[in-house]
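Source file: model24.txt; contents: compact mmCIF, C-alpha atoms and all ligand atoms.
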# COMPACT_ATOMS: atom_id res chain seq x y z
CA MET A 147 122.85 129.71 85.80
CA ASN A 148 119.28 128.48 86.09
CA HIS A 149 118.45 128.16 89.78
CA ASN A 150 115.04 126.70 89.19
CA LEU A 151 115.01 123.05 90.16
CA ALA A 152 112.82 120.01 89.71
CA ILE A 153 111.64 118.59 93.03
CA ALA A 154 110.25 115.04 93.06
CA ILE A 155 108.18 113.97 96.07
CA ASP A 156 107.16 110.32 96.28
CA GLY A 157 105.77 108.06 98.95
CA PRO A 158 102.82 105.91 99.99
CA ALA A 159 99.20 107.04 100.37
CA ALA A 160 98.49 109.86 102.83
CA ALA A 161 102.13 110.43 103.77
CA GLY A 162 101.54 114.16 103.29
CA LYS A 163 102.96 114.49 99.79
CA SER A 164 100.44 116.85 98.23
CA THR A 165 100.00 119.10 101.27
CA VAL A 166 103.73 119.54 101.68
CA ALA A 167 104.42 119.76 97.92
CA LYS A 168 101.91 122.63 97.60
CA ARG A 169 103.62 124.52 100.45
CA VAL A 170 107.07 124.04 99.04
CA ALA A 171 105.89 125.12 95.57
CA ALA A 172 104.19 128.23 97.00
CA LYS A 173 107.31 129.20 98.98
CA LEU A 174 109.53 128.88 95.91
CA SER A 175 106.94 130.22 93.43
CA TYR A 176 107.21 126.92 91.56
CA ILE A 177 104.47 125.04 89.74
CA TYR A 178 102.89 122.12 91.63
CA ILE A 179 101.88 119.03 89.67
CA ASP A 180 99.71 116.36 91.29
CA THR A 181 100.26 113.22 89.17
CA GLY A 182 97.88 111.16 91.33
CA ALA A 183 95.07 113.45 90.17
CA MET A 184 95.76 112.36 86.59
CA TYR A 185 95.39 108.65 87.44
CA ARG A 186 92.29 109.50 89.48
CA ALA A 187 90.71 111.42 86.58
CA LEU A 188 91.28 108.49 84.20
CA THR A 189 89.79 106.11 86.79
CA LEU A 190 86.69 108.30 87.06
CA LYS A 191 86.21 108.24 83.30
CA ALA A 192 86.70 104.47 83.13
CA LEU A 193 84.17 103.98 85.93
CA ARG A 194 81.67 106.25 84.19
CA GLU A 195 82.07 104.26 80.98
CA ASN A 196 81.61 101.07 82.94
CA ILE A 197 84.52 99.21 81.37
CA SER A 198 86.57 96.47 82.97
CA LEU A 199 89.36 98.26 84.82
CA GLU A 200 91.52 95.15 84.60
CA ASN A 201 91.50 95.35 80.79
CA GLU A 202 94.70 97.21 79.90
CA SER A 203 93.96 97.94 76.23
CA THR A 204 90.45 99.27 76.91
CA VAL A 205 91.70 101.55 79.69
CA TYR A 206 94.53 102.72 77.44
CA ASP A 207 92.11 103.44 74.55
CA ILE A 208 90.09 105.63 76.88
CA LEU A 209 93.19 107.51 77.99
CA LYS A 210 94.25 108.19 74.38
CA ASN A 211 90.95 110.01 73.83
CA THR A 212 90.97 111.90 77.10
CA THR A 213 92.33 115.28 78.05
CA ILE A 214 93.31 115.82 81.65
CA LEU A 215 94.25 119.34 82.61
CA LEU A 216 95.66 120.48 85.95
CA LYS A 217 94.53 124.10 86.10
CA GLN A 218 96.33 126.53 88.37
CA ASN A 219 93.96 129.00 90.09
CA LYS A 220 95.06 131.81 92.37
CA ASP A 221 95.11 129.75 95.61
CA SER A 222 94.13 126.29 94.45
CA GLN A 223 94.22 123.81 91.62
CA SER A 224 91.41 122.25 89.70
CA VAL A 225 91.36 119.11 87.63
CA LEU A 226 89.58 119.20 84.28
CA LEU A 227 88.58 115.92 82.64
CA ASP A 228 87.64 116.59 79.00
CA ASP A 229 86.95 120.20 80.07
CA GLN A 230 84.70 119.20 82.98
CA ASP A 231 85.73 120.18 86.51
CA VAL A 232 86.14 116.92 88.48
CA THR A 233 88.32 118.26 91.32
CA GLU A 234 85.99 116.95 94.06
CA GLU A 235 84.71 113.85 92.30
CA ILE A 236 88.15 112.28 91.81
CA ARG A 237 88.56 112.10 95.62
CA SER A 238 85.47 109.88 96.02
CA GLN A 239 85.75 106.52 97.79
CA GLN A 240 84.88 104.72 94.57
CA VAL A 241 87.74 106.34 92.66
CA THR A 242 90.15 105.84 95.59
CA ASN A 243 89.30 102.14 95.79
CA ASN A 244 89.88 101.56 92.07
CA VAL A 245 92.70 103.89 91.05
CA SER A 246 95.56 101.49 91.81
CA VAL A 247 94.12 98.93 89.41
CA VAL A 248 94.02 101.48 86.58
CA ALA A 249 97.52 102.72 87.47
CA LYS A 250 99.17 99.32 87.25
CA HIS A 251 98.81 98.98 83.44
CA GLY A 252 102.10 99.48 81.60
CA ALA A 253 100.59 101.18 78.52
CA VAL A 254 98.66 103.60 80.73
CA ARG A 255 101.74 104.46 82.75
CA GLU A 256 103.84 105.03 79.64
CA GLU A 257 101.33 107.56 78.29
CA MET A 258 100.89 109.25 81.67
CA VAL A 259 104.65 109.53 82.19
CA LYS A 260 104.97 111.18 78.73
CA ARG A 261 102.31 113.73 79.63
CA GLN A 262 103.91 114.35 83.02
CA GLN A 263 107.35 114.81 81.50
CA ASP A 264 105.90 117.44 79.14
CA LEU A 265 104.45 119.25 82.15
CA ALA A 266 107.79 119.10 83.96
CA ALA A 267 109.88 120.11 80.95
CA LYS A 268 110.52 123.52 82.45
CA ARG A 269 112.36 123.55 85.77
CA GLY A 270 110.73 125.32 88.71
CA VAL A 271 108.40 122.42 89.41
CA VAL A 272 107.34 120.33 92.40
CA MET A 273 105.77 117.05 91.31
CA ASP A 274 104.34 114.40 93.62
CA GLY A 275 103.37 110.79 93.03
CA ARG A 276 104.82 107.30 93.26
CA ASP A 277 107.42 107.11 90.47
CA ILE A 278 108.52 110.72 90.01
CA GLY A 279 112.09 110.30 91.25
CA THR A 280 112.49 106.88 89.62
CA HIS A 281 110.80 107.38 86.20
CA VAL A 282 109.15 110.71 85.51
CA ILE A 283 112.03 113.05 86.43
CA PRO A 284 114.96 110.73 87.13
CA ASP A 285 117.30 113.73 86.84
CA ALA A 286 115.40 115.84 89.41
CA GLU A 287 117.86 117.85 91.49
CA VAL A 288 115.88 117.17 94.68
CA LYS A 289 114.20 113.84 95.41
CA ILE A 290 112.22 113.29 98.58
CA PHE A 291 110.55 110.09 99.77
CA LEU A 292 107.95 110.71 102.48
CA ILE A 293 106.82 107.92 104.75
CA ALA A 294 104.70 107.61 107.92
CA SER A 295 103.21 104.68 109.82
CA VAL A 296 99.94 103.24 108.50
CA ASP A 297 98.21 104.18 111.77
CA GLU A 298 99.31 107.80 111.47
CA ARG A 299 98.36 108.02 107.80
CA ALA A 300 94.90 106.57 108.45
CA GLU A 301 94.42 108.96 111.40
CA ARG A 302 95.30 111.92 109.17
CA ARG A 303 92.80 110.90 106.48
CA HIS A 304 90.19 110.21 109.17
CA LYS A 305 90.64 113.67 110.65
CA GLU A 306 90.50 115.23 107.20
CA ASN A 307 87.24 113.37 106.38
CA ILE A 308 85.62 114.42 109.63
CA GLU A 309 86.63 118.04 109.09
CA LYS A 310 85.00 117.90 105.65
CA GLY A 311 81.83 116.40 107.17
CA TYR A 312 82.25 113.03 105.40
CA ASN A 313 81.52 109.62 106.90
CA SER A 314 84.75 108.02 108.03
CA ASN A 315 85.77 104.71 109.53
CA LEU A 316 89.33 104.47 110.82
CA GLU A 317 89.69 100.71 110.44
CA GLN A 318 88.36 100.81 106.89
CA LEU A 319 90.82 103.57 106.07
CA LYS A 320 93.70 101.49 107.40
CA ASP A 321 92.62 98.57 105.20
CA GLU A 322 92.20 100.78 102.14
CA ILE A 323 95.63 102.39 102.61
CA ARG A 324 97.34 99.02 103.15
CA LYS A 325 95.68 97.54 100.08
CA ARG A 326 96.55 100.49 97.83
CA ASP A 327 100.16 100.57 99.08
CA GLN A 328 100.43 96.86 98.34
CA ILE A 329 99.17 97.13 94.74
CA ASP A 330 101.31 100.25 94.13
CA SER A 331 104.44 98.59 95.55
CA GLU A 332 104.01 95.20 93.91
CA ARG A 333 102.99 96.19 90.37
CA GLU A 334 105.44 95.22 87.63
CA VAL A 335 105.75 98.60 85.95
CA SER A 336 107.36 101.46 87.91
CA PRO A 337 106.24 100.41 91.38
CA LEU A 338 106.27 102.70 94.38
CA LEU A 339 109.95 102.77 95.22
CA LYS A 340 112.39 105.13 96.86
CA ALA A 341 114.91 106.35 94.28
CA GLU A 342 118.47 105.51 95.29
CA ASP A 343 119.35 109.18 95.53
CA ALA A 344 116.15 110.24 97.34
CA ILE A 345 116.14 111.61 100.87
CA GLU A 346 113.68 109.74 103.07
CA ILE A 347 111.74 111.70 105.67
CA ASP A 348 109.63 109.86 108.23
CA THR A 349 106.79 112.31 108.88
CA THR A 350 105.00 110.21 111.52
CA SER A 351 105.67 112.70 114.28
CA LEU A 352 106.33 115.79 112.17
CA SER A 353 103.95 118.64 111.39
CA ILE A 354 103.30 119.83 107.86
CA GLU A 355 105.44 122.92 108.57
CA GLN A 356 108.34 120.82 109.85
CA VAL A 357 108.32 118.60 106.76
CA ALA A 358 108.09 121.59 104.41
CA GLU A 359 110.98 123.28 106.25
CA ARG A 360 113.16 120.20 105.90
CA ILE A 361 112.52 120.01 102.17
CA LEU A 362 113.19 123.73 101.74
CA GLN A 363 116.48 123.24 103.55
CA VAL A 364 117.42 120.45 101.10
CA VAL A 365 116.54 122.82 98.24
CA LEU A 366 118.69 125.59 99.73
CA ASP A 367 121.62 123.19 100.18
CA CYS A 368 121.21 122.01 96.60
CA LYS A 369 121.17 125.57 95.25
CA GLY A 370 124.24 126.35 97.37
CA GLU A 371 126.10 123.44 95.81
CA GLU A 372 125.17 124.63 92.31
CA GLU A 373 126.80 128.04 92.86
O1 LIG A 401 96.81 111.28 97.68
P1 LIG A 401 96.80 109.76 97.72
O2 LIG A 401 98.01 109.23 98.40
O3 LIG A 401 95.54 109.19 98.23
O4 LIG A 401 96.92 109.23 96.24
P2 LIG A 401 97.24 109.97 94.91
O5 LIG A 401 98.59 110.62 94.95
O6 LIG A 401 96.07 110.80 94.54
O7 LIG A 401 97.38 108.74 93.91
C1 LIG A 401 96.29 107.86 93.68
C2 LIG A 401 96.82 106.59 93.06
O8 LIG A 401 97.34 106.88 91.76
C3 LIG A 401 97.96 105.89 93.79
O9 LIG A 401 97.50 105.03 94.84
C4 LIG A 401 98.62 105.10 92.66
O10 LIG A 401 97.92 103.91 92.38
C5 LIG A 401 98.43 106.03 91.46
N1 LIG A 401 99.61 106.84 91.18
C6 LIG A 401 100.65 106.24 90.50
O11 LIG A 401 100.59 105.04 90.23
N2 LIG A 401 101.73 106.97 90.11
C7 LIG A 401 101.81 108.27 90.40
N3 LIG A 401 102.87 108.96 89.97
C8 LIG A 401 100.78 108.90 91.11
C9 LIG A 401 99.69 108.15 91.52
O1 LIG A 402 99.31 113.43 99.16
P1 LIG A 402 99.27 112.38 100.23
O2 LIG A 402 98.24 111.34 100.00
O3 LIG A 402 100.62 111.79 100.51
O4 LIG A 402 98.88 113.09 101.61
P2 LIG A 402 98.10 114.46 101.87
O5 LIG A 402 96.78 114.40 101.23
O6 LIG A 402 98.99 115.61 101.55
O7 LIG A 402 97.99 114.43 103.45
C1 LIG A 402 97.05 113.62 104.13
C2 LIG A 402 96.58 114.35 105.37
O8 LIG A 402 97.63 114.37 106.34
C3 LIG A 402 96.17 115.80 105.13
O9 LIG A 402 94.98 116.04 105.85
C4 LIG A 402 97.31 116.60 105.73
O10 LIG A 402 96.89 117.83 106.26
C5 LIG A 402 97.79 115.69 106.86
N1 LIG A 402 99.21 115.83 107.21
C6 LIG A 402 99.59 115.92 108.53
O11 LIG A 402 98.73 115.92 109.40
N2 LIG A 402 100.92 116.02 108.90
C7 LIG A 402 101.87 115.99 107.96
N3 LIG A 402 103.14 116.07 108.32
C8 LIG A 402 101.50 115.88 106.61
C9 LIG A 402 100.15 115.80 106.25
Translate the structure of the given file into structure tokens.
Amino acid sequence: MNHNLAIAIDGPAAAGKSTVAKRVAAKLSYIYIDTGAMYRALTLKALRENISLENESTVYDILKNTTILLKQNKDSQSVLLDDQDVTEEIRSQQVTNNVSVVAKHGAVREEMVKRQQDLAAKRGVVMDGRDIGTHVIPDAEVKIFLIASVDERAERRHKENIEKGYNSNLEQLKDEIRKRDQIDSEREVSPLLKAEDAIEIDTTSLSIEQVAERILQVVLDCKGEEE
């Protein structure tokens, strides 16, 4: 029996998805796939080409001619946009403020979901995003939905920015997170939504280790049931 599973981790901005997903993947020797990085890379390209981000067909045309590669290094991952390393650049404020507009287009999502499903074709994968449990891997054996209060999520990003030596304004971060959550939750195509069979974990007062441990326990239980 194949004991390698697909683990879907969804939730709003800065709930801890990628940090925890990476840990869980490392513990299980699974592949980690950051789907948000793919939408961010496309947003960067669209911004560079100075097109209207609201124009679905133009954004889609760009995506069709774009390769986005999530490259696994020994201890990290890099994101290659048409062979150029954009790992840092896709985290910029400008990309963050515009990515939800790019990600709301149906044609864009359809193409992205196809690419993501190809990446997740083999089990032994932890994938994080907004629609993984609902659309990308609806048959994932483990589905987790991470949440935390807006205040806590903004505090976490603020702390992270300060540690990296970036300028950071807590109130602005709260606004940005609220706005992005709203667009992601209200869009017509595959909005941010907890899958019916997902386990919700409120991480507001939990450490990264505690969240990772809980997910690993769910994985263990799931494997136990499969035996
Ligand atoms: O890490 P953070 O929460 O800031 O965001 P991210 O995971 O990098 O995703 C950036 C944006 O991409 C989200 O706000 C969504 O608009 C979009 N996204 C999406 O629509 N579907 C996904 N599966 C992943 C990300
Ligand atoms: O991927 P997502 O946007 O959901 O969040 P993230 O980038 O993994 O986490 C945002 C920040 O919160 C990072 O600096 C994490 O180290 C931190 N974090 C935390 O303090 N406690 C947790 N339980 C989870 C994440």
- Task: May I ask for the distance between atom CA of A:Leu216 and atom CA of A:Gln230, given in Å to one decimal place?
- Result: 11.4 Å
- Message: ligand LIG 401 (chain A): which residues are within 7 Å, counting all atoms listed in the file? Reply as a PyMOL selection string.
- Response: chain A and resi 158-161+164+180-183+185-186+242+245-247+249-250+274-278+326-327+330
- Give the residues close to ligand LIG 402 (chain A), within 6 Å, counting all atoms listed in the file; write them as a list in words. Ala159, Ala160, Ala161, Gly162, Lys163, Ser164, Thr165, Arg302, Arg303, Glu306, Thr349, Leu352, Ser353, Ile354 and Val357 of chain A
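For A:Gly270, the non-local neighbours within 12 Å, defined as residues at least 4 positions apart in the same chain or in other chains and counting only C-alpha atoms, are Asn148, His149, Asn150, Leu151, Ala152, Ile153, Ala154, Val170, Ala171, Ala172, Lys173, Leu174, Ser175, Tyr176, Ile177, Tyr178, Ile179, Leu265, Ala266, Ala286, Glu287, Val288 and Val365 of chain A.
Protein and nucleic acid residues near (104.6, 103.8, 79.5) are Glu202, Tyr206, Ala249, Lys250, His251, Gly252, Ala253, Val254, Arg255, Glu256, Glu257, Met258, Val259, Lys260, Arg261, Gln262, Gln263, Asp277, His281, Val282, Glu334, Val335 and Ser336 of chain A, the criterion being any atom at most 12 Å away using only C-alpha atoms.
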Keeping C-alpha atoms for every residue in the selection just given, could you write it to a file as a tab-separated table (two decimals), keeping the file's coordinate frame?
chain	number	residue	atom	x	y	z
A	202	GLU	CA	94.70	97.21	79.90
A	206	TYR	CA	94.53	102.72	77.44
A	249	ALA	CA	97.52	102.72	87.47
A	250	LYS	CA	99.17	99.32	87.25
A	251	HIS	CA	98.81	98.98	83.44
A	252	GLY	CA	102.10	99.48	81.60
A	253	ALA	CA	100.59	101.18	78.52
A	254	VAL	CA	98.66	103.60	80.73
A	255	ARG	CA	101.74	104.46	82.75
A	256	GLU	CA	103.84	105.03	79.64
A	257	GLU	CA	101.33	107.56	78.29
A	258	MET	CA	100.89	109.25	81.67
A	259	VAL	CA	104.65	109.53	82.19
A	260	LYS	CA	104.97	111.18	78.73
A	261	ARG	CA	102.31	113.73	79.63
A	262	GLN	CA	103.91	114.35	83.02
A	263	GLN	CA	107.35	114.81	81.50
A	277	ASP	CA	107.42	107.11	90.47
A	281	HIS	CA	110.80	107.38	86.20
A	282	VAL	CA	109.15	110.71	85.51
A	334	GLU	CA	105.44	95.22	87.63
A	335	VAL	CA	105.75	98.60	85.95
A	336	SER	CA	107.36	101.46	87.91
- Query: Between A:Asn211, A:Ser238, A:Thr189, A:Ser295, which one has atoms that come closest to A:Ile347, using only C-alpha atoms?
  - Reply: A:Ser295
- In Å and to one decimal, atom CA of A:Glu355 is distant from atom CA of A:Ile308 by 21.6 Å
